[in-house]
file run_4.txt (compact mmCIF, C-alpha atoms)
# COMPACT_ATOMS: atom_id res chain seq x y z
CA MET A 14 76.33 133.03 141.49
CA ALA A 15 76.01 130.25 138.90
CA ASP A 16 76.38 131.20 135.24
CA LYS A 17 72.93 130.57 133.77
CA SER A 18 74.40 129.69 130.38
CA PHE A 19 75.66 126.50 132.02
CA HIS A 20 72.61 125.86 134.20
CA PRO A 21 69.44 126.02 132.07
CA SER A 22 65.99 126.19 133.53
CA GLU A 23 63.28 123.72 132.60
CA ALA A 24 61.60 126.53 130.64
CA ASP A 25 64.78 127.06 128.61
CA LEU A 26 64.94 123.43 127.58
CA LEU A 27 61.20 123.20 126.88
CA HIS A 28 61.50 126.22 124.59
CA ALA A 29 64.29 124.49 122.65
CA MET A 30 62.28 121.28 122.34
CA ARG A 31 59.16 123.10 121.16
CA LEU A 32 61.18 124.58 118.30
CA LEU A 33 62.40 121.10 117.42
CA VAL A 34 59.05 119.30 117.35
CA ARG A 35 56.69 122.03 116.06
CA ASP A 36 54.27 120.93 113.36
CA ASP A 37 54.59 121.63 109.64
CA SER A 38 52.29 124.66 109.78
CA GLN A 39 54.92 126.48 111.87
CA HIS A 40 57.81 125.90 109.50
CA TYR A 41 59.45 128.87 107.87
CA PRO A 42 59.24 129.39 104.09
CA ASN A 43 62.39 129.46 101.97
CA GLN A 44 62.38 133.24 101.65
CA VAL A 45 62.56 133.62 105.44
CA ILE A 46 65.48 131.17 105.60
CA LYS A 47 67.30 133.08 102.86
CA HIS A 48 66.66 136.38 104.62
CA GLN A 49 68.10 135.08 107.89
CA LEU A 50 71.14 133.67 106.09
CA ASP A 51 71.70 136.99 104.32
CA ILE A 52 71.64 138.80 107.67
CA LEU A 53 74.29 136.50 109.14
CA ALA A 54 76.41 136.49 105.98
CA SER A 55 76.50 140.28 105.76
CA GLY A 56 77.36 140.78 109.42
CA GLN A 57 80.28 140.09 111.73
CA LEU A 58 80.87 138.59 115.16
CA PRO A 59 78.37 140.37 117.44
CA GLU A 60 79.87 142.62 120.08
CA LYS A 61 77.01 141.84 122.44
CA GLY A 62 75.01 138.63 122.62
CA ILE A 63 71.23 138.42 122.47
CA GLY A 64 70.80 135.50 124.88
CA GLU A 65 70.05 131.84 124.43
CA GLN A 66 66.32 131.83 123.72
CA ALA A 67 66.50 134.68 121.22
CA THR A 68 69.43 132.94 119.52
CA LEU A 69 67.46 129.72 119.18
CA ASP A 70 64.54 131.66 117.71
CA GLN A 71 66.89 133.24 115.18
CA LEU A 72 68.67 130.01 114.21
CA ALA A 73 65.64 127.70 114.12
CA PRO A 74 64.48 128.70 110.63
CA ILE A 75 68.01 128.29 109.30
CA VAL A 76 69.14 125.10 111.00
CA LEU A 77 65.85 123.20 111.28
CA ASP A 78 63.86 124.37 108.28
CA GLY A 79 66.89 124.76 106.03
CA ALA A 80 67.78 121.05 106.33
CA ALA A 81 66.60 118.05 104.33
CA LYS A 82 63.94 116.06 106.18
CA LEU A 83 65.39 112.56 106.08
CA GLY A 84 62.31 111.07 107.74
CA SER A 85 59.75 112.60 105.40
CA ASP A 86 57.32 110.35 103.58
CA ILE A 87 59.19 110.81 100.29
CA ALA A 88 62.87 110.73 101.44
CA PHE A 89 64.62 107.83 99.70
CA ALA A 90 67.76 109.29 98.15
CA HIS A 91 70.85 108.69 100.28
CA MET A 92 72.58 106.47 102.85
CA ASP A 93 71.66 109.03 105.51
CA PRO A 94 68.77 107.82 107.67
CA PRO A 95 66.47 109.68 110.03
CA THR A 96 67.43 109.21 113.67
CA PRO A 97 65.28 107.89 116.53
CA TRP A 98 64.41 110.50 119.10
CA ILE A 99 66.20 108.63 121.87
CA THR A 100 69.46 109.59 120.14
CA TRP A 101 68.48 113.27 120.24
CA VAL A 102 68.13 113.11 124.00
CA THR A 103 71.29 111.11 124.62
CA HIS A 104 73.28 113.43 122.36
CA CYS A 105 72.05 116.27 124.57
CA TRP A 106 73.27 114.31 127.59
CA ASN A 107 76.67 113.91 125.95
CA ALA A 108 76.88 117.60 125.09
CA SER A 109 75.97 118.59 128.65
CA LEU A 110 78.64 116.31 130.16
CA ASN A 111 81.37 116.79 127.50
CA GLN A 112 83.17 113.63 128.61
CA ASN A 113 86.54 112.69 127.14
CA LEU A 114 87.18 108.96 126.88
CA LEU A 115 90.90 109.68 126.65
CA HIS A 116 90.80 110.25 130.42
CA PRO A 117 88.94 107.61 132.47
CA ASP A 118 88.72 109.95 135.47
CA VAL A 119 86.35 112.26 133.54
CA SER A 120 84.45 109.43 131.85
CA PRO A 121 84.45 106.48 134.26
CA VAL A 122 81.08 105.10 133.13
CA ALA A 123 81.14 106.13 129.46
CA GLY A 124 84.24 104.04 128.78
CA GLU A 125 82.62 100.98 130.32
CA LEU A 126 79.49 101.54 128.24
CA GLU A 127 81.55 101.59 125.04
CA ARG A 128 83.18 98.30 126.01
CA CYS A 129 79.73 96.87 126.72
CA LEU A 130 78.50 98.01 123.30
CA ILE A 131 81.49 96.53 121.48
CA ASN A 132 80.98 93.24 123.31
CA TRP A 133 77.36 93.19 122.10
CA LEU A 134 78.24 93.89 118.46
CA THR A 135 81.37 91.88 117.72
CA PRO A 136 79.82 88.38 117.88
CA TYR A 137 77.61 89.17 114.87
CA PHE A 138 80.77 89.68 112.79
CA GLY A 139 83.00 87.00 114.32
CA MET A 140 85.40 89.60 115.71
CA SER A 141 86.96 89.68 119.19
CA GLY A 142 86.82 93.39 119.94
CA GLY A 143 87.28 96.90 118.63
CA HIS A 144 86.43 100.52 119.27
CA LEU A 145 84.24 103.34 118.01
CA THR A 146 85.37 105.87 115.42
CA PRO A 147 83.69 108.89 113.78
CA GLY A 148 82.87 106.71 110.74
CA SER A 149 84.30 104.27 108.25
CA THR A 150 86.79 106.72 106.74
CA VAL A 151 88.66 106.65 110.05
CA SER A 152 87.87 102.95 110.54
CA ASN A 153 89.33 101.99 107.16
CA LEU A 154 92.47 104.04 107.77
CA THR A 155 92.94 102.50 111.21
CA ALA A 156 92.39 98.94 109.95
CA LEU A 157 95.00 99.38 107.21
CA TRP A 158 97.37 100.95 109.74
CA ALA A 159 97.06 97.75 111.79
CA ALA A 160 97.52 95.65 108.63
CA ARG A 161 100.72 97.50 107.72
CA ASP A 162 102.29 97.24 111.16
CA LEU A 163 101.09 93.74 112.07
CA SER A 164 101.32 91.92 108.74
CA GLY A 165 103.95 93.86 106.83
CA VAL A 166 101.46 95.04 104.22
CA LYS A 167 102.99 97.16 101.47
CA ARG A 168 100.04 97.43 99.08
CA VAL A 169 96.28 97.70 99.23
CA ILE A 170 94.10 95.88 96.72
CA ALA A 171 90.53 97.10 96.31
CA SER A 172 87.92 97.39 93.60
CA THR A 173 87.35 100.47 91.48
CA SER A 174 84.01 100.78 93.30
CA ALA A 175 85.64 100.85 96.75
CA HIS A 176 84.97 103.93 98.86
CA VAL A 177 87.30 106.90 98.31
CA SER A 178 88.52 106.51 101.90
CA ILE A 179 90.53 103.44 100.82
CA ALA A 180 92.60 105.50 98.41
CA LYS A 181 93.01 108.18 101.08
CA ALA A 182 94.16 105.60 103.64
CA ALA A 183 96.69 104.04 101.24
CA HIS A 184 98.12 107.47 100.46
CA ILE A 185 98.40 108.49 104.12
CA LEU A 186 100.01 105.19 105.11
CA GLY A 187 102.46 105.17 102.21
CA LEU A 188 100.98 102.01 100.68
CA GLU A 189 100.64 101.22 97.00
CA LEU A 190 97.02 101.09 95.83
CA ILE A 191 96.01 98.53 93.20
CA SER A 192 92.51 99.05 91.81
CA ILE A 193 90.73 95.99 90.44
CA PRO A 194 87.93 96.37 87.84
CA VAL A 195 84.44 95.32 88.81
CA LYS A 196 81.87 93.04 87.23
CA PRO A 197 78.90 94.65 85.44
CA THR A 198 76.89 94.70 88.70
CA GLY A 199 79.66 96.33 90.74
CA GLN A 200 81.38 93.48 92.62
CA ILE A 201 85.15 93.12 92.48
CA ASP A 202 86.24 90.77 89.70
CA GLU A 203 88.05 88.20 91.84
CA SER A 204 89.39 86.47 88.72
CA LEU A 205 91.67 89.49 88.30
CA LEU A 206 93.14 89.33 91.78
CA SER A 207 96.86 88.66 91.71
CA GLU A 208 98.58 85.98 93.75
CA GLN A 209 100.73 88.60 95.46
CA GLY A 210 99.01 88.08 98.79
CA GLN A 211 102.09 87.93 100.97
CA ASN A 212 102.48 91.69 101.38
CA SER A 213 98.99 92.81 100.39
CA ALA A 214 95.84 93.87 102.20
CA LEU A 215 92.67 92.98 100.34
CA VAL A 216 89.81 95.40 100.95
CA LEU A 217 86.35 94.09 100.12
CA THR A 218 83.22 96.22 100.17
CA ALA A 219 79.85 95.20 101.56
CA GLY A 220 77.55 97.78 100.01
CA THR A 221 79.32 99.96 97.47
CA THR A 222 78.21 103.58 97.53
CA SER A 223 76.90 103.80 93.98
CA GLU A 224 75.65 100.30 93.19
CA GLY A 225 75.04 98.76 96.62
CA ALA A 226 77.13 95.79 95.48
CA ILE A 227 78.60 93.28 97.91
CA ASP A 228 81.97 91.80 96.93
CA SER A 229 82.44 88.05 96.99
CA PHE A 230 84.21 86.90 100.16
CA SER A 231 85.77 83.89 98.41
CA SER A 232 89.25 85.47 98.62
CA VAL A 233 89.13 86.17 102.34
CA GLY A 234 92.22 84.64 103.98
CA LYS A 235 94.29 84.48 100.79
CA PHE A 236 96.10 87.75 101.51
CA ALA A 237 98.25 89.01 104.37
CA TRP A 238 95.22 90.90 105.66
CA THR A 239 91.58 91.15 104.64
CA HIS A 240 89.57 94.17 105.64
CA ILE A 241 85.85 94.40 104.90
CA ASP A 242 84.38 97.85 104.54
CA ALA A 243 80.81 97.06 105.57
CA ALA A 244 79.96 100.70 106.26
CA TRP A 245 76.54 100.37 104.64
CA ALA A 246 75.53 96.70 104.48
CA GLY A 247 77.11 95.47 107.72
CA PRO A 248 73.86 95.72 109.75
CA LEU A 249 72.34 92.95 107.60
CA ARG A 250 74.10 90.67 110.10
CA PHE A 251 71.48 91.57 112.71
CA SER A 252 68.65 90.22 110.53
CA SER A 253 67.92 86.51 110.49
CA GLN A 254 66.39 87.00 107.02
CA HIS A 255 69.44 88.65 105.48
CA ALA A 256 72.50 87.78 107.60
CA ASP A 257 73.63 85.10 105.15
CA VAL A 258 74.22 87.75 102.49
CA LEU A 259 77.41 88.48 104.45
CA ALA A 260 78.34 84.86 105.18
CA GLY A 261 82.12 84.63 105.48
CA ILE A 262 82.61 88.08 106.95
CA GLU A 263 83.69 86.39 110.18
CA GLN A 264 86.87 85.19 108.43
CA ALA A 265 88.15 88.73 107.84
CA ASP A 266 90.89 90.34 109.91
CA SER A 267 88.93 93.56 110.39
CA VAL A 268 85.45 94.90 109.69
CA ALA A 269 84.14 98.48 109.59
CA VAL A 270 80.48 99.44 110.01
CA SER A 271 79.07 102.97 109.97
CA ALA A 272 76.39 103.05 112.66
CA HIS A 273 75.26 106.44 111.34
CA LYS A 274 73.97 104.67 108.27
CA TRP A 275 71.81 101.54 108.64
CA MET A 276 71.90 101.58 112.45
CA TYR A 277 70.09 104.92 112.40
CA GLN A 278 72.55 106.89 114.52
CA PRO A 279 73.44 110.57 114.25
CA LYS A 280 76.80 111.36 112.74
CA GLU A 281 79.53 110.68 113.65
CA CYS A 282 79.43 107.05 114.76
CA GLY A 283 81.43 104.18 113.31
CA VAL A 284 82.43 100.76 114.61
CA LEU A 285 85.81 99.16 113.87
CA MET A 286 86.29 95.51 114.84
CA PHE A 287 89.28 93.15 114.72
CA LYS A 288 89.62 89.37 114.63
CA ASP A 289 92.61 89.64 116.99
CA VAL A 290 91.89 92.84 118.86
CA GLN A 291 94.74 92.48 121.34
CA SER A 292 97.39 92.37 118.61
CA ALA A 293 95.69 95.24 116.79
CA ASN A 294 95.54 97.34 119.95
CA ASP A 295 99.22 96.72 120.59
CA VAL A 296 100.23 98.42 117.33
CA LEU A 297 97.53 101.10 117.52
CA SER A 298 98.36 102.21 121.07
CA VAL A 299 100.28 105.31 122.09
CA ASN A 300 101.33 106.20 125.63
CA SER A 301 102.26 109.52 127.19
CA ALA A 302 103.09 110.88 130.62
CA TYR A 303 99.70 112.61 130.97
CA LEU A 304 97.72 109.48 130.11
CA THR A 305 96.55 106.95 132.69
CA LYS A 306 95.82 104.34 130.01
CA SER A 307 96.96 103.69 126.46
CA ASN A 308 95.37 105.79 123.72
CA ILE A 309 94.15 103.27 121.12
CA GLY A 310 93.48 104.29 117.55
CA LEU A 311 93.69 107.46 115.52
CA LEU A 312 91.73 109.79 117.79
CA GLY A 313 92.99 111.47 120.91
CA SER A 314 90.16 113.22 122.68
CA HIS A 315 86.79 111.73 121.79
CA GLY A 316 83.32 111.82 123.25
CA ALA A 317 80.87 109.24 124.53
CA SER A 318 79.43 108.33 121.11
CA ALA A 319 78.53 104.84 122.34
CA ILE A 320 75.72 106.11 124.55
CA PRO A 321 73.14 107.01 121.84
CA LEU A 322 73.79 103.71 120.02
CA LEU A 323 73.64 101.73 123.24
CA ALA A 324 70.38 103.46 124.17
CA THR A 325 68.90 102.70 120.74
CA LEU A 326 69.79 99.02 121.00
CA ILE A 327 68.35 98.78 124.52
CA ALA A 328 65.15 100.49 123.34
CA TRP A 329 64.80 98.40 120.18
CA GLY A 330 66.66 95.17 120.95
CA GLN A 331 68.00 93.04 118.11
CA ASP A 332 64.43 92.38 117.00
CA GLY A 333 63.70 96.09 116.62
CA LEU A 334 66.84 96.77 114.62
CA ALA A 335 66.27 93.69 112.46
CA HIS A 336 62.65 94.74 111.86
CA ARG A 337 63.79 98.07 110.44
CA ILE A 338 66.46 96.43 108.27
CA ASP A 339 63.93 93.90 106.99
CA LEU A 340 61.43 96.68 106.27
CA ALA A 341 64.07 98.60 104.33
CA MET A 342 64.90 95.52 102.26
CA SER A 343 61.22 94.85 101.61
CA ASN A 344 60.67 98.45 100.48
CA ALA A 345 63.60 98.19 98.08
CA ASP A 346 62.22 94.91 96.70
CA LYS A 347 58.82 96.51 96.14
CA LEU A 348 60.37 99.50 94.41
CA CYS A 349 62.36 97.21 92.09
CA GLN A 350 59.18 95.33 91.24
CA PHE A 351 57.32 98.58 90.51
CA LEU A 352 60.11 99.91 88.29
CA ARG A 353 60.25 96.72 86.24
CA GLN A 354 56.58 97.21 85.42
CA GLN A 355 57.24 100.64 83.87
CA GLU A 356 57.77 100.96 80.15
CA LYS A 357 61.24 101.96 78.91
CA VAL A 358 62.75 101.57 82.38
CA HIS A 359 65.86 99.48 83.02
CA VAL A 360 66.73 98.42 86.58
CA PHE A 361 70.46 98.03 87.23
CA SER A 362 70.24 94.83 89.31
CA GLU A 363 68.26 92.94 91.89
CA ASN A 364 68.05 94.48 95.36
CA ILE A 365 71.15 93.32 97.25
CA CYS A 366 71.26 95.69 100.21
CA GLY A 367 68.61 98.36 99.76
CA VAL A 368 70.20 100.40 96.93
CA VAL A 369 68.06 100.65 93.79
CA LEU A 370 69.35 102.05 90.47
CA TRP A 371 67.32 102.61 87.31
CA ARG A 372 67.22 104.67 84.14
CA SER A 373 64.79 105.45 81.36
CA SER A 374 65.54 104.79 77.72
CA ASP A 375 63.85 108.03 76.58
CA LYS A 376 64.37 110.51 79.44
CA SER A 377 67.68 111.58 80.94
CA ALA A 378 68.47 110.96 84.59
CA SER A 379 68.79 114.73 85.12
CA HIS A 380 65.31 115.30 83.65
CA ILE A 381 63.79 112.63 85.89
CA LEU A 382 65.61 113.85 88.98
CA GLN A 383 64.37 117.39 88.37
CA ALA A 384 60.81 116.09 88.04
CA LEU A 385 60.95 114.10 91.29
CA PRO A 386 60.36 115.73 94.70
CA THR A 387 63.54 116.87 96.46
CA GLY A 388 64.96 114.02 98.51
CA ALA A 389 63.16 111.26 96.62
CA ALA A 390 66.21 110.18 94.63
CA SER A 391 69.83 110.95 93.88
CA LYS A 392 72.00 110.40 90.81
CA THR A 393 75.16 108.42 90.16
CA THR A 394 77.31 107.61 87.13
CA ILE A 395 78.50 104.09 86.28
CA ASN A 396 80.65 103.39 83.22
CA GLY A 397 79.73 106.76 81.79
CA GLU A 398 75.96 106.25 82.19
CA GLU A 399 73.82 108.24 84.57
CA TRP A 400 71.43 106.33 86.85
CA ILE A 401 68.68 107.37 89.22
CA ARG A 402 69.56 106.08 92.69
CA HIS A 403 67.32 105.33 95.67
CA VAL A 404 68.55 104.14 99.06
CA SER A 405 66.19 102.42 101.48
CA ALA A 406 67.17 104.13 104.71
CA ASN A 407 63.88 105.74 105.78
CA PRO A 408 61.44 103.60 107.80
CA SER A 409 58.70 106.19 107.25
CA ILE A 410 58.78 106.18 103.45
CA ASN A 411 55.39 106.24 101.73
CA LEU A 412 56.07 103.95 98.78
CA SER A 413 52.76 104.78 97.15
CA LEU A 414 53.66 108.48 97.02
CA LEU A 415 57.13 107.69 95.70
CA GLN A 416 55.76 105.42 93.00
CA LYS A 417 53.25 108.06 91.90
CA ALA A 418 56.05 110.61 91.71
CA ILE A 419 58.20 108.27 89.61
CA ALA A 420 55.30 107.50 87.27
CA HIS A 421 54.67 111.25 86.86
CA SER A 422 58.37 111.88 86.10
CA LEU A 423 58.21 109.30 83.31
CA SER A 424 55.02 110.67 81.73
call {"tool": "encode", "arguments": {"input": "run_4.txt", "output": "structure tokens"}}
result
Amino acid sequence: MADKSFHPSEADLLHAMRLLVRDDSQHYPNQVIKHQLDILASGQLPEKGIGEQATLDQLAPIVLDGAAKLGSDIAFAHMDPPTPWITWVTHCWNASLNQNLLHPDVSPVAGELERCLINWLTPYFGMSGGHLTPGSTVSNLTALWAARDLSGVKRVIASTSAHVSIAKAAHILGLELISIPVKPTGQIDESLLSEQGQNSALVLTAGTTSEGAIDSFSSVGKFAWTHIDAAWAGPLRFSSQHADVLAGIEQADSVAVSAHKWMYQPKECGVLMFKDVQSANDVLSVNSAYLTKSNIGLLGSHGASAIPLLATLIAWGQDGLAHRIDLAMSNADKLCQFLRQQEKVHVFSENICGVVLWRSSDKSASHILQALPTGAASKTTINGEEWIRHVSANPSINLSLLQKAIAHSLS
């Protein structure tokens, strides 16, 4: 007799979906969430299970109602977007199949779909190929691994605003890290770059985490290897309005994009691309007796993460993705304009890639953040000063509500 835990009925799945899409009136208050958490925290591994449906009923108030709503009409704080519902379904497909792309015999189609996806994406960045990773932390490490073994790189040069994963990668790979100061608006100060390009990998950032700055690409090609960490701003390449912001990216040796940011995918989904993918794959490949093909990259076993992204791109097309990027940029422009009209407010810079920073001359960032609705803004520190930070990652933002909340926080 089949184990019903592995063969759900339609009623089982409908019950799970109803919990997921119930309306706001059915959401649990904070005290219920805390009570449920206290019960779990004070207990131990149950000796006997309570069944799937009862478990979902117990966990729903914790998992669903205890999470930030990234698609709410006020969410505008982080580089974490809401996800389209087609990715929810395809993630369920992946979980039900549990394919492992390490072994083509258990994932014969999924591997082909990843290759298809990579072939769709690489032309926008001038790259010849690549593979998916869990995100740009792994992508950056893998790119610098290739740089070390292909180009004899002994040091990594990056700005002080580069993502922390660059320092991690340099440490893991045994490479010297040279941090270059940034200009007042966050871009690497290329005038301070040394001429020691022969054994160096230059890492440029397209969309720094705090400022949303995009480094100048004028130094691309002057070093043994140039890697561009475009985790956040990379998807601007899909927009005819904004692609030129990243002009020159096609000259890099490698590019990383986090699809779980501005491509609206669930975590964990990153894209790593190489100018010369064959040479990169040669140094990133490992073989073993139990493998029927080379294992490329840092991961061994990994799932079919291409399928939700592929499905999204089929559903939306380039036009649909570009529309959402353009909308995000427009919303950031409008917010900048609104902030500049407020008394005693200083905006950090023009909107470059959807990240907006501002501060008040008479109220602290902590005071403002506390006055704003949860999820409306975050906080960062630049050169010892605290700034309110908004990130345009939510297509459903109600700018009017956000502006009213900001005005109230300043009153």
call {"tool": "residues_around", "arguments": {"input": "run_4.txt", "residues": "range 172-183 of chain A", "least_positions_apart": "6", "cutoff": "9 Å", "atoms": "only C-alpha atoms", "output": "CSV table (one decimal) with C-alpha atoms, in the coordinates of the input"}}
result
chain,number,residue,atom,x,y,z
A,149,SER,CA,84.3,104.3,108.2
A,150,THR,CA,86.8,106.7,106.7
A,151,VAL,CA,88.7,106.6,110.0
A,153,ASN,CA,89.3,102.0,107.2
A,154,LEU,CA,92.5,104.0,107.8
A,155,THR,CA,92.9,102.5,111.2
A,157,LEU,CA,95.0,99.4,107.2
A,158,TRP,CA,97.4,101.0,109.7
A,189,GLU,CA,100.6,101.2,97.0
A,190,LEU,CA,97.0,101.1,95.8
A,191,ILE,CA,96.0,98.5,93.2
A,192,SER,CA,92.5,99.0,91.8
A,193,ILE,CA,90.7,96.0,90.4
A,194,PRO,CA,87.9,96.4,87.8
A,195,VAL,CA,84.4,95.3,88.8
A,199,GLY,CA,79.7,96.3,90.7
A,200,GLN,CA,81.4,93.5,92.6
A,201,ILE,CA,85.2,93.1,92.5
A,202,ASP,CA,86.2,90.8,89.7
A,216,VAL,CA,89.8,95.4,101.0
A,217,LEU,CA,86.4,94.1,100.1
A,218,THR,CA,83.2,96.2,100.2
A,221,THR,CA,79.3,100.0,97.5
A,222,THR,CA,78.2,103.6,97.5
A,223,SER,CA,76.9,103.8,94.0
A,224,GLU,CA,75.6,100.3,93.2
A,226,ALA,CA,77.1,95.8,95.5
A,228,ASP,CA,82.0,91.8,96.9
A,242,ASP,CA,84.4,97.8,104.5
call {"tool": "closest_residue", "arguments": {"input": "run_4.txt", "among": "A:Val290, A:Ala123, A:Ala384, A:Leu326", "to": "Ala272 in chain A", "atoms": "all atoms listed in the file"}}
result
A:Leu326
call {"tool": "closest_residue", "arguments": {"input": "run_4.txt", "among": "A:Gln254, A:Ser231, A:Ser424, A:Ser164", "to": "Gln211 in chain A", "atoms": "all atoms listed in the file"}}
result
A:Ser164
call {"tool": "residues_around", "arguments": {"input": "run_4.txt", "residues": "range 124-137 of chain A", "least_positions_apart": "4", "cutoff": "7 Å", "atoms": "all atoms listed in the file", "output": "ChimeraX atom specification"}}
result
/A:114,117,120,141-144,250-251,286,319-320,323
call {"tool": "atom_distance", "arguments": {"input": "run_4.txt", "atom1": "CA of Gly148 in chain A", "atom2": "CA of Val270 in chain A"}}
result
7.7 Å
call {"tool": "residues_near_point", "arguments": {"input": "run_4.txt", "point": "(62.7, 129.1, 108.3)", "cutoff": "10 Å", "atoms": "all atoms listed in the file", "output": "PDB file with C-alpha atoms, keeping the file's coordinate frame"}}
result
ATOM      1  CA  GLN A  39      54.920 126.480 111.870  1.00  0.00           C
ATOM      2  CA  HIS A  40      57.810 125.900 109.500  1.00  0.00           C
ATOM      3  CA  TYR A  41      59.450 128.870 107.870  1.00  0.00           C
ATOM      4  CA  PRO A  42      59.240 129.390 104.090  1.00  0.00           C
ATOM      5  CA  ASN A  43      62.390 129.460 101.970  1.00  0.00           C
ATOM      6  CA  GLN A  44      62.380 133.240 101.650  1.00  0.00           C
ATOM      7  CA  VAL A  45      62.560 133.620 105.440  1.00  0.00           C
ATOM      8  CA  ILE A  46      65.480 131.170 105.600  1.00  0.00           C
ATOM      9  CA  LYS A  47      67.300 133.080 102.860  1.00  0.00           C
ATOM     10  CA  HIS A  48      66.660 136.380 104.620  1.00  0.00           C
ATOM     11  CA  GLN A  49      68.100 135.080 107.890  1.00  0.00           C
ATOM     12  CA  LEU A  50      71.140 133.670 106.090  1.00  0.00           C
ATOM     13  CA  ASP A  70      64.540 131.660 117.710  1.00  0.00           C
ATOM     14  CA  GLN A  71      66.890 133.240 115.180  1.00  0.00           C
ATOM     15  CA  LEU A  72      68.670 130.010 114.210  1.00  0.00           C
ATOM     16  CA  ALA A  73      65.640 127.700 114.120  1.00  0.00           C
ATOM     17  CA  PRO A  74      64.480 128.700 110.630  1.00  0.00           C
ATOM     18  CA  ILE A  75      68.010 128.290 109.300  1.00  0.00           C
ATOM     19  CA  VAL A  76      69.140 125.100 111.000  1.00  0.00           C
ATOM     20  CA  LEU A  77      65.850 123.200 111.280  1.00  0.00           C
ATOM     21  CA  ASP A  78      63.860 124.370 108.280  1.00  0.00           C
ATOM     22  CA  GLY A  79      66.890 124.760 106.030  1.00  0.00           C
ATOM     23  CA  ALA A  80      67.780 121.050 106.330  1.00  0.00           C
TER      24      ALA A  80
END
call {"tool": "atom_distance", "arguments": {"input": "run_4.txt", "atom1": "CA of Val299 in chain A", "atom2": "CA of Ala265 in chain A"}}
result
25.0 Å
call {"tool": "atom_distance", "arguments": {"input": "run_4.txt", "atom1": "CA of His28 in chain A", "atom2": "CA of Lys280 in chain A"}}
result
24.4 Å
call {"tool": "residues_around", "arguments": {"input": "run_4.txt", "residues": "Leu382 in chain A", "least_positions_apart": "3", "cutoff": "10 Å", "atoms": "only C-alpha atoms", "output": "compact mmCIF listing (two decimals) with C-alpha atoms, in the frame of the given file"}}
result
# COMPACT_ATOMS: atom_id res chain seq x y z
CA SER A 377 67.68 111.58 80.94
CA ALA A 378 68.47 110.96 84.59
CA SER A 379 68.79 114.73 85.12
CA LEU A 385 60.95 114.10 91.29
CA PRO A 386 60.36 115.73 94.70
CA THR A 387 63.54 116.87 96.46
CA GLY A 388 64.96 114.02 98.51
CA ALA A 389 63.16 111.26 96.62
CA ALA A 390 66.21 110.18 94.63
CA SER A 391 69.83 110.95 93.88
CA LYS A 392 72.00 110.40 90.81
CA TRP A 400 71.43 106.33 86.85
CA ILE A 401 68.68 107.37 89.22
CA ARG A 402 69.56 106.08 92.69
CA ILE A 419 58.20 108.27 89.61
CA SER A 422 58.37 111.88 86.10
call {"tool": "closest_residue", "arguments": {"input": "run_4.txt", "among": "A:Leu32, A:Ala81, A:Leu322, A:Leu340", "to": "Thr68 in chain A", "atoms": "only C-alpha atoms"}}
result
A:Leu32
call {"tool": "residues_around", "arguments": {"input": "run_4.txt", "residues": "Asp289 in chain A", "least_positions_apart": "6", "cutoff": "12 Å", "atoms": "only C-alpha atoms", "output": "MDAnalysis selection string"}}
result
chainID A and resid 135 139:143 156 159:160 163 238 263:268 295:296
call {"tool": "closest_residue", "arguments": {"input": "run_4.txt", "among": "A:Asn411, A:Gln57, A:Ser152, A:Ser18", "to": "Ser109 in chain A", "atoms": "all atoms listed in the file"}}
result
A:Ser18
call {"tool": "closest_residue", "arguments": {"input": "run_4.txt", "among": "A:Ala246, A:Ile227, A:Ile185, A:Met276", "to": "His336 in chain A", "atoms": "all atoms listed in the file"}}
result
A:Met276
call {"tool": "build_atoms", "arguments": {"input": "run_4.txt", "residues": "range 211-219 of chain A", "atoms": "N, CA and C atoms", "output": "PDB file, in the frame of the given file"}}
result
ATOM      1  N   GLN A 211     101.193  87.947  99.828  1.00  0.00           N
ATOM      2  CA  GLN A 211     102.090  87.930 100.970  1.00  0.00           C
ATOM      3  C   GLN A 211     102.233  89.297 101.632  1.00  0.00           C
ATOM      4  N   ASN A 212     102.298  90.343 100.837  1.00  0.00           N
ATOM      5  CA  ASN A 212     102.480  91.690 101.380  1.00  0.00           C
ATOM      6  C   ASN A 212     101.308  92.612 101.058  1.00  0.00           C
ATOM      7  N   SER A 213     100.126  92.012 100.845  1.00  0.00           N
ATOM      8  CA  SER A 213      98.990  92.810 100.390  1.00  0.00           C
ATOM      9  C   SER A 213      97.816  92.721 101.363  1.00  0.00           C
ATOM     10  N   ALA A 214      97.122  93.835 101.479  1.00  0.00           N
ATOM     11  CA  ALA A 214      95.840  93.870 102.200  1.00  0.00           C
ATOM     12  C   ALA A 214      94.739  93.929 101.152  1.00  0.00           C
ATOM     13  N   LEU A 215      93.832  92.983 101.215  1.00  0.00           N
ATOM     14  CA  LEU A 215      92.670  92.980 100.340  1.00  0.00           C
ATOM     15  C   LEU A 215      91.532  93.690 101.049  1.00  0.00           C
ATOM     16  N   VAL A 216      90.966  94.696 100.398  1.00  0.00           N
ATOM     17  CA  VAL A 216      89.810  95.400 100.950  1.00  0.00           C
ATOM     18  C   VAL A 216      88.588  95.030 100.124  1.00  0.00           C
ATOM     19  N   LEU A 217      87.609  94.437 100.762  1.00  0.00           N
ATOM     20  CA  LEU A 217      86.350  94.090 100.120  1.00  0.00           C
ATOM     21  C   LEU A 217      85.258  95.009 100.645  1.00  0.00           C
ATOM     22  N   THR A 218      84.286  95.283  99.807  1.00  0.00           N
ATOM     23  CA  THR A 218      83.220  96.220 100.170  1.00  0.00           C
ATOM     24  C   THR A 218      81.895  95.490 100.284  1.00  0.00           C
ATOM     25  N   ALA A 219      81.202  95.734 101.376  1.00  0.00           N
ATOM     26  CA  ALA A 219      79.850  95.200 101.560  1.00  0.00           C
ATOM     27  C   ALA A 219      78.882  96.370 101.486  1.00  0.00           C
TER      28      ALA A 219
END
